[in-house]
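To keep things clear, I will list the structure first and then write my remarks on it.
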Amino acid sequence: MQSEHEWVGRAKQVIRADAAAILGTLDGVDETFIAVARKFIECKGKILVTGSGTSGAIASRAAHLLSVGGTPAFYLPPADGLHGGLGVLQAEDLVLALSKGGSSDELNEFCARAKALCSRLISITADPGSPLAQMSDDVIKLTLPDDSDLGAVVATGSSLATAAVTDALVEVCRVARGYGWDKILFTHPSGAVGRDADDSLKRLQNAGG
């Protein structure tokens, strides 16, 4: 059995790996990232965000934050889509698919069918040669250190890296759409955010955010 001292060392190792995975996404803020952001900003429909497993959890988070930031989006799991949920897609919608490896059969079948129904398929993946990347119109590539994920199996750092990229898209789109903090606070009246809305708005306005 390991000592508590060893637990501390292991915990710090994981946090350092997570931080390195996130910092590695800085190189991915390039022409492709800008092209994807522009597609999001110009989208006349909604953005369907999807992913399986841990990527699905990040996809759900991304869809919520995009909507919070004024870019209409929703999350649909691939399994639900393949059981009829794909019918929600319309010609002006975009699909954003999240997958580290890009080789999930369920996700890829979903995306192949979704691509026929919407205007564009965009993916965020670490493997540009994967089936998902190959069928995508645009690919934001994740460059991940070798030790990003626990045992190279559990999607720890890679999922945080994906979340960082989608967070960046949220903010770029919010600013480009002119979706101010007053609008965000109006649509977020509950919880501590709503309770402190007046103070938050004053602080943000004074900071020029």
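For the structure tokens, the naming scheme is as follows: chains receive sequential letters (A, B, ...) according to their order of presentation, residues are indexed from 1 within each chain, and ligands are indexed from 1 in presentation order.
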
6 Å contact set for Leu98 of chain A, only C-alpha atoms, chain neighbours under 6 positions out, as a PDB file with N, CA and C atoms, in the first residue's frame:
ATOM      1  N   GLY A  51     -20.748  13.684 -28.847  1.00  0.00           N
ATOM      2  CA  GLY A  51     -19.573  12.925 -28.468  1.00  0.00           C
ATOM      3  C   GLY A  51     -20.003  11.748 -27.622  1.00  0.00           C
ATOM      4  N   SER A  55     -16.093  12.273 -23.827  1.00  0.00           N
ATOM      5  CA  SER A  55     -16.269  13.339 -24.821  1.00  0.00           C
ATOM      6  C   SER A  55     -17.717  13.812 -24.855  1.00  0.00           C
ATOM      7  N   SER A 123     -15.001  18.760 -36.409  1.00  0.00           N
ATOM      8  CA  SER A 123     -14.572  17.873 -35.327  1.00  0.00           C
ATOM      9  C   SER A 123     -13.375  18.442 -34.587  1.00  0.00           C
ATOM     10  N   ILE A 124     -13.264  18.050 -33.331  1.00  0.00           N
ATOM     11  CA  ILE A 124     -12.080  18.312 -32.519  1.00  0.00           C
ATOM     12  C   ILE A 124     -11.542  16.949 -32.118  1.00  0.00           C
TER      13      ILE A 124
END

Task: Backbone DSSP call of strand (DSSP E) for chain A, listed as number ranges by chain - done: A: 47-51, 73-75, 94-98, 120-125, 138-141

Could you please take those selected residues and save N, CA and C atoms as a PDB file, in the first residue's frame?
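To be explicit, this is the file written out as selection.pdb:
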ATOM      1  N   ILE A  47     -26.137  24.837 -33.403  1.00  0.00           N
ATOM      2  CA  ILE A  47     -24.975  23.957 -33.423  1.00  0.00           C
ATOM      3  C   ILE A  47     -25.273  22.738 -32.564  1.00  0.00           C
ATOM      4  N   LEU A  48     -25.256  21.578 -33.187  1.00  0.00           N
ATOM      5  CA  LEU A  48     -25.454  20.329 -32.467  1.00  0.00           C
ATOM      6  C   LEU A  48     -24.065  19.836 -32.045  1.00  0.00           C
ATOM      7  N   VAL A  49     -23.868  19.669 -30.757  1.00  0.00           N
ATOM      8  CA  VAL A  49     -22.586  19.188 -30.241  1.00  0.00           C
ATOM      9  C   VAL A  49     -22.771  17.753 -29.780  1.00  0.00           C
ATOM     10  N   THR A  50     -21.847  16.872 -30.176  1.00  0.00           N
ATOM     11  CA  THR A  50     -22.007  15.456 -29.863  1.00  0.00           C
ATOM     12  C   THR A  50     -20.678  14.818 -29.507  1.00  0.00           C
ATOM     13  N   GLY A  51     -20.748  13.684 -28.847  1.00  0.00           N
ATOM     14  CA  GLY A  51     -19.573  12.925 -28.468  1.00  0.00           C
ATOM     15  C   GLY A  51     -20.003  11.748 -27.622  1.00  0.00           C
ATOM     16  N   ALA A  73     -26.982  26.463 -29.264  1.00  0.00           N
ATOM     17  CA  ALA A  73     -26.422  25.122 -29.403  1.00  0.00           C
ATOM     18  C   ALA A  73     -27.187  24.147 -28.527  1.00  0.00           C
ATOM     19  N   PHE A  74     -27.071  22.864 -28.850  1.00  0.00           N
ATOM     20  CA  PHE A  74     -27.677  21.833 -28.018  1.00  0.00           C
ATOM     21  C   PHE A  74     -26.855  20.558 -28.135  1.00  0.00           C
ATOM     22  N   TYR A  75     -27.003  19.698 -27.160  1.00  0.00           N
ATOM     23  CA  TYR A  75     -26.258  18.438 -27.110  1.00  0.00           C
ATOM     24  C   TYR A  75     -27.170  17.287 -27.488  1.00  0.00           C
ATOM     25  N   LEU A  94     -25.156  23.278 -37.840  1.00  0.00           N
ATOM     26  CA  LEU A  94     -23.800  22.737 -37.871  1.00  0.00           C
ATOM     27  C   LEU A  94     -23.702  21.617 -36.844  1.00  0.00           C
ATOM     28  N   VAL A  95     -22.790  20.681 -37.087  1.00  0.00           N
ATOM     29  CA  VAL A  95     -22.500  19.637 -36.104  1.00  0.00           C
ATOM     30  C   VAL A  95     -21.051  19.757 -35.664  1.00  0.00           C
ATOM     31  N   LEU A  96     -20.839  19.771 -34.348  1.00  0.00           N
ATOM     32  CA  LEU A  96     -19.500  19.764 -33.770  1.00  0.00           C
ATOM     33  C   LEU A  96     -19.336  18.443 -33.032  1.00  0.00           C
ATOM     34  N   ALA A  97     -18.414  17.607 -33.504  1.00  0.00           N
ATOM     35  CA  ALA A  97     -18.188  16.292 -32.904  1.00  0.00           C
ATOM     36  C   ALA A  97     -16.867  16.280 -32.145  1.00  0.00           C
ATOM     37  N   LEU A  98     -16.899  15.776 -30.921  1.00  0.00           N
ATOM     38  CA  LEU A  98     -15.712  15.720 -30.070  1.00  0.00           C
ATOM     39  C   LEU A  98     -15.289  14.267 -29.866  1.00  0.00           C
ATOM     40  N   ARG A 120     -22.604  21.575 -42.277  1.00  0.00           N
ATOM     41  CA  ARG A 120     -21.172  21.369 -42.085  1.00  0.00           C
ATOM     42  C   ARG A 120     -20.919  20.484 -40.867  1.00  0.00           C
ATOM     43  N   LEU A 121     -19.889  19.636 -40.980  1.00  0.00           N
ATOM     44  CA  LEU A 121     -19.451  18.789 -39.877  1.00  0.00           C
ATOM     45  C   LEU A 121     -18.056  19.232 -39.457  1.00  0.00           C
ATOM     46  N   ILE A 122     -17.918  19.572 -38.193  1.00  0.00           N
ATOM     47  CA  ILE A 122     -16.653  20.040 -37.632  1.00  0.00           C
ATOM     48  C   ILE A 122     -16.267  19.095 -36.495  1.00  0.00           C
ATOM     49  N   SER A 123     -15.001  18.760 -36.409  1.00  0.00           N
ATOM     50  CA  SER A 123     -14.572  17.873 -35.327  1.00  0.00           C
ATOM     51  C   SER A 123     -13.375  18.442 -34.587  1.00  0.00           C
ATOM     52  N   ILE A 124     -13.264  18.050 -33.331  1.00  0.00           N
ATOM     53  CA  ILE A 124     -12.080  18.312 -32.519  1.00  0.00           C
ATOM     54  C   ILE A 124     -11.542  16.949 -32.118  1.00  0.00           C
ATOM     55  N   THR A 125     -10.325  16.620 -32.573  1.00  0.00           N
ATOM     56  CA  THR A 125      -9.767  15.291 -32.356  1.00  0.00           C
ATOM     57  C   THR A 125      -8.244  15.360 -32.335  1.00  0.00           C
ATOM     58  N   ASP A 138     -14.090  20.483 -41.375  1.00  0.00           N
ATOM     59  CA  ASP A 138     -13.030  21.204 -40.672  1.00  0.00           C
ATOM     60  C   ASP A 138     -12.612  20.381 -39.467  1.00  0.00           C
ATOM     61  N   VAL A 139     -11.307  20.373 -39.174  1.00  0.00           N
ATOM     62  CA  VAL A 139     -10.790  19.617 -38.028  1.00  0.00           C
ATOM     63  C   VAL A 139      -9.876  20.514 -37.202  1.00  0.00           C
ATOM     64  N   ILE A 140     -10.231  20.688 -35.936  1.00  0.00           N
ATOM     65  CA  ILE A 140      -9.318  21.327 -34.987  1.00  0.00           C
ATOM     66  C   ILE A 140      -8.539  20.206 -34.323  1.00  0.00           C
ATOM     67  N   LYS A 141      -7.230  20.184 -34.540  1.00  0.00           N
ATOM     68  CA  LYS A 141      -6.401  19.083 -34.051  1.00  0.00           C
ATOM     69  C   LYS A 141      -5.885  19.378 -32.651  1.00  0.00           C
TER      70      LYS A 141
END

Within 10 Å of Ala91 of chain A, counting only C-alpha atoms, which residues qualify if same-chain residues fewer than 4 places away don't, as a JSON list (two decimals) with C-alpha atoms, in the first residue's frame?
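Saved file around-v1.json follows:
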[["chain", "number", "residue", "atom", "x", "y", "z"],
["A", 44, "LYS", "CA", -28.14, 30.80, -39.11],
["A", 45, "GLY", "CA", -29.32, 27.62, -37.41],
["A", 46, "LYS", "CA", -28.13, 25.86, -34.27],
["A", 115, "LYS", "CA", -23.47, 15.44, -42.47],
["A", 116, "ALA", "CA", -26.14, 14.65, -45.04],
["A", 117, "LEU", "CA", -28.69, 16.70, -43.08],
["A", 118, "CYS", "CA", -26.78, 19.82, -42.02],
["A", 119, "SER", "CA", -24.51, 22.42, -43.60],
["A", 120, "ARG", "CA", -21.17, 21.37, -42.09]]

Can you build me a table of segment 172-199 of chain A residues sitting at most 9 Å from segment 23-40 of chain A, with the closest atom pair per residue and its distance in Å to one decimal, using only C-alpha atoms, sorted by chain and residue number, as a tab-separated table?
residue	atom	partner	partner_atom	distance
A:Val172	CA	A:Ala37	CA	7.1
A:Cys173	CA	A:Ala37	CA	6.4
A:Ala176	CA	A:Arg38	CA	8.9

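Each of A:Gly180, A:Gly191, A:Gly102, A:Gly53 was checked against Pro78 of chain A using only C-alpha atoms; the smallest atom-to-atom distance is that of A:Gly53.
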
TODO: Select from chain A everything DSSP, run on the backbone, classes as alpha helix (DSSP H), then give the selection as a PyMOL selection string.
DONE: chain A and resi 4-23+31-42+54-68+78-81+105-115+131-135+157-176+181-186+191-195+197-207

Task: Pick from A:Gly85, A:Asp167, A:Thr71, A:Ser104 nearest to Cys43 of chain A, counting only C-alpha atoms - done: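 Nearest candidate to Cys43 of chain A out of A:Gly85, A:Asp167, A:Thr71, A:Ser104: A:Thr71.
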
- [ ] Mind checking which residues fall within 12 Å of Ser148 of chain A, counting only C-alpha atoms, ignoring those fewer than 3 positions away in the same chain, and posting them as an NGL selection string?
- [x] :A and (13-25 or 100 or 126 or 142-145 or 151-162)
